[in-house]
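This is structure.pdb. It holds PDB, C-alpha atoms and all ligand atoms.
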ATOM      1  CA  MET J  19     -52.566-151.443 -30.840
ATOM      2  CA  SER J  20     -52.345-150.828 -27.093
ATOM      3  CA  THR J  21     -55.060-149.191 -25.017
ATOM      4  CA  PRO J  22     -53.792-145.959 -23.439
ATOM      5  CA  PRO J  23     -53.676-145.588 -19.666
ATOM      6  CA  HIS J  24     -56.910-144.447 -17.994
ATOM      7  CA  ALA J  25     -58.901-145.025 -21.205
ATOM      8  CA  ASP J  26     -61.777-146.677 -19.333
ATOM      9  CA  GLN J  27     -62.030-143.910 -16.735
ATOM     10  CA  LEU J  28     -61.902-141.183 -19.388
ATOM     11  CA  GLY J  29     -64.513-143.044 -21.430
ATOM     12  CA  ARG J  30     -66.773-143.133 -18.358
ATOM     13  CA  ILE J  31     -66.318-139.390 -17.816
ATOM     14  CA  ARG J  32     -67.253-138.725 -21.461
ATOM     15  CA  HIS J  33     -70.307-140.914 -20.998
ATOM     16  CA  ARG J  34     -71.356-138.940 -17.885
ATOM     17  CA  VAL J  35     -70.841-135.704 -19.813
ATOM     18  CA  ASP J  36     -73.036-136.919 -22.680
ATOM     19  CA  GLN J  37     -75.762-138.018 -20.267
ATOM     20  CA  ARG J  38     -75.738-134.728 -18.368
ATOM     21  CA  LEU J  39     -75.699-132.695 -21.588
ATOM     22  CA  GLY J  40     -78.821-134.609 -22.635
ATOM     23  CA  GLU J  41     -80.544-133.662 -19.357
ATOM     24  CA  LEU J  42     -79.472-130.029 -19.652
ATOM     25  CA  ALA J  43     -80.629-129.941 -23.285
ATOM     26  CA  ASP J  44     -84.077-131.133 -22.139
ATOM     27  CA  ARG J  45     -84.158-128.268 -19.636
ATOM     28  CA  TYR J  46     -82.904-125.507 -21.901
ATOM     29  CA  CYS J  47     -83.927-126.293 -25.480
ATOM     30  CA  GLY J  48     -87.436-124.819 -25.244
ATOM     31  CA  SER J  49     -90.654-126.178 -26.748
ATOM     32  CA  ASP J  50     -90.474-125.009 -30.366
ATOM     33  CA  PRO J  51     -89.350-127.996 -32.441
ATOM     34  CA  GLY J  52     -87.646-125.817 -35.088
ATOM     35  CA  LEU J  53     -85.432-124.219 -32.470
ATOM     36  CA  SER J  54     -84.996-127.078 -30.014
ATOM     37  CA  ASP J  55     -83.862-129.453 -32.785
ATOM     38  CA  ALA J  56     -81.139-126.951 -33.707
ATOM     39  CA  ILE J  57     -80.010-126.561 -30.070
ATOM     40  CA  ARG J  58     -80.015-130.291 -29.430
ATOM     41  CA  GLY J  59     -78.249-131.015 -32.696
ATOM     42  CA  ALA J  60     -75.467-128.536 -31.904
ATOM     43  CA  LEU J  61     -74.983-129.848 -28.394
ATOM     44  CA  LEU J  62     -75.533-133.570 -28.766
ATOM     45  CA  SER J  63     -74.047-134.396 -32.169
ATOM     46  CA  GLY J  64     -70.776-135.801 -30.889
ATOM     47  CA  GLY J  65     -67.456-134.092 -30.454
ATOM     48  CA  LYS J  66     -64.513-135.103 -28.314
ATOM     49  CA  ARG J  67     -65.881-133.457 -25.134
ATOM     50  CA  LEU J  68     -62.361-132.270 -24.348
ATOM     51  CA  ARG J  69     -63.486-129.197 -22.409
ATOM     52  CA  PRO J  70     -65.772-130.898 -19.852
ATOM     53  CA  VAL J  71     -63.203-133.681 -19.432
ATOM     54  CA  LEU J  72     -60.612-131.025 -18.556
ATOM     55  CA  THR J  73     -62.859-129.513 -15.873
ATOM     56  CA  VAL J  74     -63.854-132.852 -14.350
ATOM     57  CA  VAL J  75     -60.358-134.365 -14.328
ATOM     58  CA  THR J  76     -58.750-131.188 -12.966
ATOM     59  CA  CYS J  77     -61.254-130.973 -10.135
ATOM     60  CA  GLU J  78     -61.375-134.657  -9.238
ATOM     61  CA  ASP J  79     -57.604-135.092  -9.341
ATOM     62  CA  LEU J  80     -57.217-132.145  -6.970
ATOM     63  CA  GLY J  81     -59.629-133.893  -4.588
ATOM     64  CA  GLY J  82     -62.659-131.735  -5.455
ATOM     65  CA  PRO J  83     -66.309-132.798  -5.898
ATOM     66  CA  ALA J  84     -67.369-134.432  -9.171
ATOM     67  CA  GLY J  85     -70.965-133.124  -9.416
ATOM     68  CA  PRO J  86     -70.361-129.390  -9.773
ATOM     69  CA  ALA J  87     -67.324-130.034 -11.982
ATOM     70  CA  LEU J  88     -69.498-132.065 -14.353
ATOM     71  CA  ASP J  89     -72.058-129.269 -14.650
ATOM     72  CA  ALA J  90     -69.403-126.575 -15.031
ATOM     73  CA  GLY J  91     -67.759-128.655 -17.763
ATOM     74  CA  CYS J  92     -71.134-129.052 -19.488
ATOM     75  CA  ALA J  93     -71.570-125.271 -19.346
ATOM     76  CA  ALA J  94     -68.215-124.949 -21.126
ATOM     77  CA  GLU J  95     -69.374-127.446 -23.744
ATOM     78  CA  MET J  96     -72.483-125.308 -24.334
ATOM     79  CA  VAL J  97     -70.285-122.256 -24.878
ATOM     80  CA  HIS J  98     -68.113-124.332 -27.211
ATOM     81  CA  ALA J  99     -71.175-125.515 -29.168
ATOM     82  CA  ALA J 100     -72.411-121.912 -29.451
ATOM     83  CA  SER J 101     -69.006-120.788 -30.705
ATOM     84  CA  LEU J 102     -68.960-123.523 -33.368
ATOM     85  CA  ILE J 103     -72.424-122.545 -34.640
ATOM     86  CA  LEU J 104     -71.290-118.927 -34.981
ATOM     87  CA  ASP J 105     -67.898-119.840 -36.441
ATOM     88  CA  ASP J 106     -69.581-121.913 -39.175
ATOM     89  CA  LEU J 107     -71.941-119.126 -40.325
ATOM     90  CA  PRO J 108     -71.567-117.766 -43.876
ATOM     91  CA  CYS J 109     -70.412-114.400 -42.488
ATOM     92  CA  MET J 110     -67.587-116.179 -40.620
ATOM     93  CA  ASP J 111     -65.953-119.411 -41.857
ATOM     94  CA  ASP J 112     -68.907-120.437 -44.056
ATOM     95  CA  ALA J 113     -68.671-124.154 -43.280
ATOM     96  CA  ALA J 114     -70.975-126.844 -44.643
ATOM     97  CA  THR J 115     -70.089-129.766 -42.348
ATOM     98  CA  ARG J 116     -69.285-130.140 -38.656
ATOM     99  CA  ARG J 117     -68.866-133.405 -36.736
ATOM    100  CA  GLY J 118     -69.772-135.303 -39.883
ATOM    101  CA  VAL J 119     -73.194-133.676 -40.330
ATOM    102  CA  PRO J 120     -74.459-130.468 -41.968
ATOM    103  CA  THR J 121     -73.710-127.317 -39.942
ATOM    104  CA  VAL J 122     -76.576-125.859 -37.947
ATOM    105  CA  HIS J 123     -77.295-123.005 -40.379
ATOM    106  CA  ARG J 124     -77.215-125.366 -43.384
ATOM    107  CA  LYS J 125     -79.789-127.606 -41.715
ATOM    108  CA  HIS J 126     -81.960-125.093 -39.859
ATOM    109  CA  GLY J 127     -81.274-121.702 -41.491
ATOM    110  CA  GLU J 128     -79.093-118.798 -40.388
ATOM    111  CA  ASP J 129     -81.757-117.137 -38.268
ATOM    112  CA  THR J 130     -82.350-120.294 -36.212
ATOM    113  CA  ALA J 131     -78.610-120.948 -35.951
ATOM    114  CA  ILE J 132     -77.969-117.531 -34.407
ATOM    115  CA  LEU J 133     -80.852-117.969 -31.970
ATOM    116  CA  ALA J 134     -79.645-121.473 -31.039
ATOM    117  CA  ALA J 135     -76.168-120.089 -30.291
ATOM    118  CA  ILE J 136     -77.608-117.382 -28.045
ATOM    119  CA  ALA J 137     -79.796-119.959 -26.284
ATOM    120  CA  LEU J 138     -76.769-122.202 -25.639
ATOM    121  CA  LEU J 139     -74.730-119.298 -24.311
ATOM    122  CA  SER J 140     -77.569-118.288 -21.971
ATOM    123  CA  ALA J 141     -78.008-121.895 -20.845
ATOM    124  CA  ALA J 142     -74.305-122.084 -20.023
ATOM    125  CA  PHE J 143     -74.477-119.073 -17.725
ATOM    126  CA  SER J 144     -77.728-120.260 -16.169
ATOM    127  CA  THR J 145     -76.038-123.596 -15.414
ATOM    128  CA  LEU J 146     -73.052-121.889 -13.772
ATOM    129  CA  GLY J 147     -75.249-119.454 -11.830
ATOM    130  CA  SER J 148     -77.323-122.287 -10.372
ATOM    131  CA  LEU J 149     -74.564-124.879 -10.030
ATOM    132  CA  ARG J 150     -75.557-127.793  -7.791
ATOM    133  CA  GLY J 151     -73.111-128.513  -4.981
ATOM    134  CA  ALA J 152     -71.237-125.201  -5.106
ATOM    135  CA  ASP J 153     -71.554-122.208  -2.777
ATOM    136  CA  ALA J 154     -72.449-118.688  -3.951
ATOM    137  CA  ASN J 155     -68.817-117.508  -4.020
ATOM    138  CA  THR J 156     -67.771-120.399  -6.227
ATOM    139  CA  ARG J 157     -70.761-119.910  -8.529
ATOM    140  CA  SER J 158     -69.923-116.267  -8.975
ATOM    141  CA  GLU J 159     -66.226-117.027  -9.549
ATOM    142  CA  LEU J 160     -67.073-119.605 -12.228
ATOM    143  CA  THR J 161     -69.475-117.194 -13.910
ATOM    144  CA  ARG J 162     -66.746-114.546 -14.044
ATOM    145  CA  ILE J 163     -64.148-117.022 -15.353
ATOM    146  CA  MET J 164     -66.494-118.031 -18.174
ATOM    147  CA  ALA J 165     -67.652-114.503 -19.015
ATOM    148  CA  ASP J 166     -64.014-113.365 -19.262
ATOM    149  CA  ALA J 167     -63.202-116.297 -21.531
ATOM    150  CA  VAL J 168     -66.065-115.509 -23.915
ATOM    151  CA  GLY J 169     -65.888-111.725 -24.174
ATOM    152  CA  THR J 170     -63.347-109.263 -25.531
ATOM    153  CA  GLY J 171     -60.656-110.872 -23.359
ATOM    154  CA  GLY J 172     -61.188-114.200 -25.123
ATOM    155  CA  LEU J 173     -63.275-115.851 -27.847
ATOM    156  CA  VAL J 174     -64.878-112.739 -29.296
ATOM    157  CA  THR J 175     -61.617-110.854 -29.850
ATOM    158  CA  GLY J 176     -59.849-114.035 -30.958
ATOM    159  CA  GLN J 177     -62.495-114.669 -33.590
ATOM    160  CA  PHE J 178     -62.477-111.030 -34.728
ATOM    161  CA  ARG J 179     -58.711-111.051 -35.201
ATOM    162  CA  ASP J 180     -58.813-114.469 -36.853
ATOM    163  CA  LEU J 181     -61.367-113.253 -39.388
ATOM    164  CA  ARG J 182     -59.351-110.116 -40.085
ATOM    165  CA  SER J 183     -55.947-111.827 -40.067
ATOM    166  CA  GLY J 184     -55.640-112.424 -43.813
ATOM    167  CA  ARG J 185     -56.724-108.929 -44.757
ATOM    168  CA  SER J 186     -54.888-105.613 -44.804
ATOM    169  CA  GLY J 187     -54.471-103.866 -41.475
ATOM    170  CA  PRO J 188     -52.227-104.492 -38.492
ATOM    171  CA  GLU J 189     -50.476-107.866 -38.694
ATOM    172  CA  GLN J 190     -51.736-110.264 -36.022
ATOM    173  CA  ASP J 191     -49.524-112.575 -34.023
ATOM    174  CA  PRO J 192     -51.041-116.052 -34.657
ATOM    175  CA  ALA J 193     -50.046-117.271 -31.185
ATOM    176  CA  THR J 194     -52.025-114.439 -29.572
ATOM    177  CA  VAL J 195     -55.028-115.129 -31.810
ATOM    178  CA  ASN J 196     -54.819-118.840 -30.885
ATOM    179  CA  ALA J 197     -54.606-118.021 -27.179
ATOM    180  CA  LEU J 198     -57.738-115.883 -27.431
ATOM    181  CA  LYS J 199     -59.989-117.873 -29.762
ATOM    182  CA  THR J 200     -59.088-121.372 -28.527
ATOM    183  CA  GLY J 201     -56.892-121.127 -25.430
ATOM    184  CA  SER J 202     -59.232-118.925 -23.420
ATOM    185  CA  LEU J 203     -62.022-121.530 -23.194
ATOM    186  CA  ILE J 204     -59.569-124.363 -22.515
ATOM    187  CA  SER J 205     -57.977-122.249 -19.769
ATOM    188  CA  ALA J 206     -61.405-121.450 -18.337
ATOM    189  CA  CYS J 207     -62.241-125.167 -18.140
ATOM    190  CA  VAL J 208     -59.066-125.940 -16.218
ATOM    191  CA  ALA J 209     -59.455-122.838 -14.018
ATOM    192  CA  MET J 210     -63.042-123.827 -13.155
ATOM    193  CA  GLY J 211     -61.857-127.280 -12.096
ATOM    194  CA  GLY J 212     -59.248-125.655  -9.859
ATOM    195  CA  ALA J 213     -61.754-123.187  -8.420
ATOM    196  CA  ILE J 214     -64.306-125.893  -7.552
ATOM    197  CA  ALA J 215     -61.544-127.943  -5.902
ATOM    198  CA  ARG J 216     -60.386-124.801  -4.047
ATOM    199  CA  ALA J 217     -56.828-125.176  -5.306
ATOM    200  CA  ASP J 218     -54.278-122.830  -3.745
ATOM    201  CA  ALA J 219     -52.711-119.950  -5.677
ATOM    202  CA  ALA J 220     -49.525-121.870  -6.577
ATOM    203  CA  ARG J 221     -51.510-124.755  -8.040
ATOM    204  CA  ARG J 222     -53.784-122.383  -9.942
ATOM    205  CA  ARG J 223     -50.714-120.787 -11.540
ATOM    206  CA  GLN J 224     -49.457-124.211 -12.619
ATOM    207  CA  LEU J 225     -52.892-125.109 -13.957
ATOM    208  CA  ALA J 226     -52.942-121.870 -15.953
ATOM    209  CA  GLU J 227     -49.502-122.642 -17.379
ATOM    210  CA  PHE J 228     -50.573-126.150 -18.370
ATOM    211  CA  ALA J 229     -53.773-124.876 -20.003
ATOM    212  CA  ALA J 230     -51.956-122.145 -21.949
ATOM    213  CA  HIS J 231     -49.604-124.719 -23.491
ATOM    214  CA  LEU J 232     -52.480-127.088 -24.205
ATOM    215  CA  GLY J 233     -54.470-124.305 -25.876
ATOM    216  CA  GLN J 234     -51.567-123.465 -28.188
ATOM    217  CA  ALA J 235     -50.905-127.125 -28.985
ATOM    218  CA  PHE J 236     -54.587-127.763 -29.644
ATOM    219  CA  GLN J 237     -55.012-124.896 -32.111
ATOM    220  CA  LEU J 238     -51.781-125.795 -33.940
ATOM    221  CA  PHE J 239     -53.123-129.347 -34.222
ATOM    222  CA  ASP J 240     -56.429-128.019 -35.564
ATOM    223  CA  ASP J 241     -54.511-125.938 -38.136
ATOM    224  CA  LEU J 242     -52.480-128.989 -39.196
ATOM    225  CA  LEU J 243     -55.649-131.029 -39.616
ATOM    226  CA  ASP J 244     -57.144-128.214 -41.672
ATOM    227  CA  GLN J 245     -54.242-128.617 -44.103
ATOM    228  CA  LYS J 246     -53.450-132.340 -43.831
ATOM    229  CA  GLY J 247     -56.797-133.873 -42.922
ATOM    230  CA  THR J 248     -59.795-134.700 -45.070
ATOM    231  CA  ALA J 249     -63.436-133.854 -44.484
ATOM    232  CA  LEU J 250     -63.984-137.574 -43.856
ATOM    233  CA  SER J 251     -61.257-137.938 -41.228
ATOM    234  CA  THR J 252     -62.044-134.671 -39.392
ATOM    235  CA  GLY J 253     -65.840-134.597 -39.837
ATOM    236  CA  LYS J 254     -65.653-130.950 -40.852
ATOM    237  CA  ASP J 255     -64.685-128.764 -43.784
ATOM    238  CA  VAL J 256     -60.946-128.545 -44.347
ATOM    239  CA  GLY J 257     -58.926-125.859 -46.125
ATOM    240  CA  LYS J 258     -60.797-123.159 -44.225
ATOM    241  CA  ASP J 259     -57.560-121.448 -43.166
ATOM    242  CA  VAL J 260     -56.609-120.437 -46.708
ATOM    243  CA  GLY J 261     -56.060-116.671 -46.617
ATOM    244  CA  LYS J 262     -55.622-116.581 -42.830
ATOM    245  CA  LEU J 263     -52.415-115.849 -41.004
ATOM    246  CA  THR J 264     -51.837-119.097 -39.091
ATOM    247  CA  VAL J 265     -48.441-120.262 -37.802
ATOM    248  CA  MET J 266     -48.480-122.831 -40.578
ATOM    249  CA  ARG J 267     -49.051-120.301 -43.334
ATOM    250  CA  ARG J 268     -46.440-117.951 -41.915
ATOM    251  CA  ASP J 269     -43.712-120.432 -40.939
ATOM    252  CA  GLY J 270     -44.627-123.689 -42.726
ATOM    253  CA  ALA J 271     -45.979-127.058 -41.568
ATOM    254  CA  GLU J 272     -42.672-128.302 -40.131
ATOM    255  CA  ALA J 273     -42.295-125.237 -37.938
ATOM    256  CA  ALA J 274     -45.912-125.605 -36.787
ATOM    257  CA  GLU J 275     -45.270-129.268 -35.902
ATOM    258  CA  ARG J 276     -42.116-128.350 -33.974
ATOM    259  CA  ARG J 277     -44.008-125.717 -32.030
ATOM    260  CA  LEU J 278     -46.831-128.122 -31.341
ATOM    261  CA  SER J 279     -44.349-130.635 -29.918
ATOM    262  CA  LEU J 280     -42.768-127.995 -27.690
ATOM    263  CA  HIS J 281     -46.136-126.902 -26.300
ATOM    264  CA  LEU J 282     -47.241-130.494 -25.786
ATOM    265  CA  ASP J 283     -44.012-131.344 -23.956
ATOM    266  CA  ALA J 284     -44.325-128.232 -21.785
ATOM    267  CA  ALA J 285     -47.958-129.112 -20.990
ATOM    268  CA  HIS J 286     -46.897-132.624 -19.944
ATOM    269  CA  ALA J 287     -43.996-131.312 -17.843
ATOM    270  CA  THR J 288     -46.348-129.013 -15.929
ATOM    271  CA  LEU J 289     -48.804-131.861 -15.459
ATOM    272  CA  GLU J 290     -46.074-134.035 -14.013
ATOM    273  CA  THR J 291     -45.323-131.364 -11.408
ATOM    274  CA  LEU J 292     -49.006-131.064 -10.591
ATOM    275  CA  PHE J 293     -50.219-134.657 -10.629
ATOM    276  CA  GLY J 294     -47.171-136.906 -11.022
ATOM    277  CA  SER J 295     -46.197-138.998 -14.018
ATOM    278  CA  ASN J 296     -48.773-140.883 -16.112
ATOM    279  CA  CYS J 297     -51.644-138.994 -14.527
ATOM    280  CA  ARG J 298     -55.193-139.118 -15.912
ATOM    281  CA  MET J 299     -54.894-135.641 -17.352
ATOM    282  CA  ALA J 300     -51.849-136.687 -19.399
ATOM    283  CA  SER J 301     -53.968-139.442 -20.938
ATOM    284  CA  ALA J 302     -56.853-137.025 -21.528
ATOM    285  CA  VAL J 303     -54.465-134.712 -23.374
ATOM    286  CA  ASP J 304     -52.947-137.517 -25.423
ATOM    287  CA  SER J 305     -56.345-138.855 -26.434
ATOM    288  CA  VAL J 306     -56.830-135.665 -28.455
ATOM    289  CA  PHE J 307     -53.643-135.822 -30.482
ATOM    290  CA  VAL J 308     -54.263-139.204 -32.088
ATOM    291  CA  ALA J 309     -54.915-138.146 -35.664
ATOM    292  CA  ILE J 310     -51.270-137.327 -36.451
ATOM    293  CA  PRO J 311     -49.054-140.280 -35.462
ATOM    294  CA  GLN J 312     -46.002-138.362 -34.236
ATOM    295  CA  PHE J 313     -48.104-136.671 -31.545
ATOM    296  CA  ALA J 314     -49.710-139.887 -30.274
ATOM    297  CA  ARG J 315     -47.409-140.998 -27.469
ATOM    298  CA  PHE J 316     -49.105-144.329 -26.853
ATOM    299  CA  GLY J 317     -49.894-145.617 -30.379
ATOM    300  CA  ILE J 318     -53.319-144.780 -29.156
ATOM    301  CA  ARG J 319     -56.680-146.327 -29.799
ATOM    302  CA  GLN J 320     -59.201-143.721 -28.679
ATOM    303  CA  ALA J 321     -61.191-144.688 -25.589
ATOM    304  CA  GLU J 322     -64.664-145.995 -26.268
ATOM    305  CA  ALA J 323     -67.266-143.422 -25.272
TER     306      ALA J 323
HETATM  307  C1  LIG L 401     -70.131-115.752 -28.255
HETATM  308  C2  LIG L 401     -69.570-118.195 -27.808
HETATM  309  C3  LIG L 401     -69.322-116.942 -28.580
HETATM  310  C4  LIG L 401     -68.380-116.948 -29.544
HETATM  311  C5  LIG L 401     -68.108-115.791 -30.446
HETATM  312  C6  LIG L 401     -67.459-117.438 -33.054
HETATM  313  C7  LIG L 401     -66.531-117.123 -31.940
HETATM  314  C8  LIG L 401     -66.749-115.887 -31.132
HETATM  315  C9  LIG L 401     -65.485-117.889 -31.638
HETATM  316  C10 LIG L 401     -65.131-119.146 -32.356
HETATM  317  C11 LIG L 401     -63.833-119.630 -31.860
HETATM  318  C12 LIG L 401     -63.456-120.961 -32.452
HETATM  319  C13 LIG L 401     -64.407-121.721 -33.291
HETATM  320  C14 LIG L 401     -62.245-121.438 -32.210
HETATM  321  C15 LIG L 401     -61.773-122.748 -32.708
HETATM  322  C16 LIG L 401     -61.713-123.720 -31.563
HETATM  323  C17 LIG L 401     -61.512-125.133 -32.025
HETATM  324  C18 LIG L 401     -60.132-125.610 -32.245
HETATM  325  C19 LIG L 401     -62.584-125.909 -32.232
HETATM  326  C20 LIG L 401     -62.541-127.346 -32.494
HETATM  327  O1  LIG L 401     -62.730-127.968 -31.232
HETATM  328  P1  LIG L 401     -62.791-129.528 -31.056
HETATM  329  O2  LIG L 401     -61.759-130.167 -31.941
HETATM  330  O3  LIG L 401     -64.217-129.853 -31.641
HETATM  331  O4  LIG L 401     -62.723-129.840 -29.606
HETATM  332  P2  LIG L 401     -65.196-131.040 -31.215
HETATM  333  O5  LIG L 401     -66.106-131.204 -32.405
HETATM  334  O6  LIG L 401     -64.372-132.281 -30.941
HETATM  335  O7  LIG L 401     -65.925-130.561 -30.009
END

What would the structure in this file look like if it were written as structure tokens?
Ligand code: GRG
Amino acid sequence: MSTPPHADQLGRIRHRVDQRLGELADRYCGSDPGLSDAIRGALLSGGKRLRPVLTVVTCEDLGGPAGPALDAGCAAEMVHAASLILDDLPCMDDAATRRGVPTVHRKHGEDTAILAAIALLSAAFSTLGSLRGADANTRSELTRIMADAVGTGGLVTGQFRDLRSGRSGPEQDPATVNALKTGSLISACVAMGGAIARADAARRRQLAEFAAHLGQAFQLFDDLLDQKGTALSTGKDVGKDVGKLTVMRRDGAEAAERRLSLHLDAAHATLETLFGSNCRMASAVDSVFVAIPQFARFGIRQAEA
């Protein structure tokens, strides 16, 4: 099996992300063992680190500084971790396993899980508001980008519609739900990389186009894994989408796979315009889609972290 291009560099970025998340966890997890264990567990228990990699690679490959991009990406990972804790709660998806270990509420209780999610969200905004190596305008722009991605223009509304999608009431368009609950944070990560690198308006539009396609592809992939994967291969509960209106439930698995391919191709085409062919970002994208062979363009072995 061949090693994909840029695997070493991407592995090093993931390593830097993990190290920095450890430092930020020390700063923000508080001194109460019952709570800090939950926060640390949610943040440091693995995961692909796709979101921080997107911020770092976007910024660096546009010639921007690595330090603030790393911290902004870590802030996004904190938001992501908070969203997973909340998503797994009994009142939401009621999941038992995440990243191969018991979900935060199963291990620490629902009350602690909710508090840990709020702590992670607050830590994310504190990190953006005090970002090292960025001026006040950039810090405030990043804070706005992230707040917009989390609130009613993003995750919160996406999750609300996702939870309601299988029930009676207005029919939801799954692509819009996917854009809100998954695409908004992915778009924010790419937008933050562009903002730190001070990309011009034309580039920012291309970045937004790339991220929108990636967000759609990523959620379709997640839906496919929910149906085709096992708890062992995904590290999390599967079959959680039963009763929800996903593209796969509405149009079937083949249609979902076709759509995924179209979004992935469009994401790669935009990347080629932005960064040229075989860029690092293309490899970062491909490293995600390894679990279903037809989406793995390089017969990929995932980069060592
Ligand atoms: C206030 C932060 C906040 C959220 C409130 C609960 C909620 C609203 C939103 C949840 C949205 C959600 C869970 C979307 C699914 C996103 C998704 C595909 C997650 C899986 O991401 P991966 O595969 O996971 O990157 P790893 O474990 O690799 O990090």

- Could you give me the residues within 7 Å of ligand LIG 401 (chain L), counting all atoms listed in the file, as a PyMOL selection string? chain J and resi 64-68+97-98+100-102+104-105+117+139+168+173-174+176-177+199-200+236-237+240

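Applied to the shown file, the PyMOL selection byres (((chain J and resi 230) around 8) and not hetatm) selects the residues J:Ala197, J:Gly201, J:Ile204, J:Ser205, J:Ala226, J:Glu227, J:Phe228, J:Ala229, J:His231, J:Leu232, J:Gly233, J:Gln234.
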
The PyMOL selection byres (((chain J and resi 60) around 8) and not hetatm) applied to the shown file, residues as a PDB file with C-alpha atoms, in the frame of the given file:
ATOM      1  CA  ALA J  56     -81.139-126.951 -33.707  1.00  0.00           C
ATOM      2  CA  ILE J  57     -80.010-126.561 -30.070  1.00  0.00           C
ATOM      3  CA  ARG J  58     -80.015-130.291 -29.430  1.00  0.00           C
ATOM      4  CA  GLY J  59     -78.249-131.015 -32.696  1.00  0.00           C
ATOM      5  CA  LEU J  61     -74.983-129.848 -28.394  1.00  0.00           C
ATOM      6  CA  LEU J  62     -75.533-133.570 -28.766  1.00  0.00           C
ATOM      7  CA  SER J  63     -74.047-134.396 -32.169  1.00  0.00           C
ATOM      8  CA  ALA J  99     -71.175-125.515 -29.168  1.00  0.00           C
ATOM      9  CA  ALA J 100     -72.411-121.912 -29.451  1.00  0.00           C
ATOM     10  CA  ILE J 103     -72.424-122.545 -34.640  1.00  0.00           C
ATOM     11  CA  VAL J 122     -76.576-125.859 -37.947  1.00  0.00           C
TER      12      VAL J 122
END

I would like the residues chosen by the PyMOL selection byres (((chain J and resi 36) around 10) and not hetatm) on the shown file; could you give them as number ranges by chain? J: 30-35, 37-42, 61-65, 67, 70, 92, 323

Which residue of J:Ala93, J:Val303, J:Leu263, J:Leu280 approaches Glu189 of chain J most closely, using only C-alpha atoms: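 Ranked by minimum distance to Glu189 of chain J, first place goes to J:Leu263.
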
From the list J:Ala134, J:Ile214, J:Ile163, J:Leu292, the nearest residue to Gly82 of chain J using only C-alpha atoms is J:Ile214

Computed gap from atom CA of Gly253 of chain J to atom CA of Leu181 of chain J is 21.8 Å

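Across J:Pro188, J:Leu242, J:Ala152, J:Gly127, the tightest approach to Glu272 of chain J is made by J:Leu242 when counting only C-alpha atoms.
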
**Request:** Please measure the separation of atom CA of Ser183 of chain J and atom CA of Gly261 of chain J, giving the value in Å to one decimal.
**Result:**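 Rounded to one decimal, the two atoms are 8.1 Å apart.
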
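The two atoms in question, atom CA of Lys262 of chain J and atom CA of Ala235 of chain J, are spaced 18.0 Å apart.
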
Exercise: Gln224 of chain J partners within 12 Å, only C-alpha atoms, chain neighbours under 3 positions left out, as a list in words:
Thr76, Ser205, Val208, Ala209, Gly212, Ala217, Asp218, Ala219, Ala220, Arg221, Glu227, Phe228, Ala229, Ala230, His231, Ala284, Ala285, His286, Ala287, Thr288, Leu289, Glu290, Thr291, Leu292 and Phe293 of chain J

Asp153 of chain J environment, 12 Å, all atoms listed in the file, sequence neighbours closer than 4 positions dropped, as a PDB file with C-alpha atoms, in the frame of the given file:
ATOM      1  CA  PRO J  86     -70.361-129.390  -9.773  1.00  0.00           C
ATOM      2  CA  LEU J 146     -73.052-121.889 -13.772  1.00  0.00           C
ATOM      3  CA  GLY J 147     -75.249-119.454 -11.830  1.00  0.00           C
ATOM      4  CA  SER J 148     -77.323-122.287 -10.372  1.00  0.00           C
ATOM      5  CA  LEU J 149     -74.564-124.879 -10.030  1.00  0.00           C
ATOM      6  CA  ARG J 157     -70.761-119.910  -8.529  1.00  0.00           C
ATOM      7  CA  SER J 158     -69.923-116.267  -8.975  1.00  0.00           C
ATOM      8  CA  GLU J 159     -66.226-117.027  -9.549  1.00  0.00           C
ATOM      9  CA  LEU J 160     -67.073-119.605 -12.228  1.00  0.00           C
ATOM     10  CA  ALA J 213     -61.754-123.187  -8.420  1.00  0.00           C
ATOM     11  CA  ILE J 214     -64.306-125.893  -7.552  1.00  0.00           C
ATOM     12  CA  ALA J 215     -61.544-127.943  -5.902  1.00  0.00           C
ATOM     13  CA  ARG J 216     -60.386-124.801  -4.047  1.00  0.00           C
TER      14      ARG J 216
END
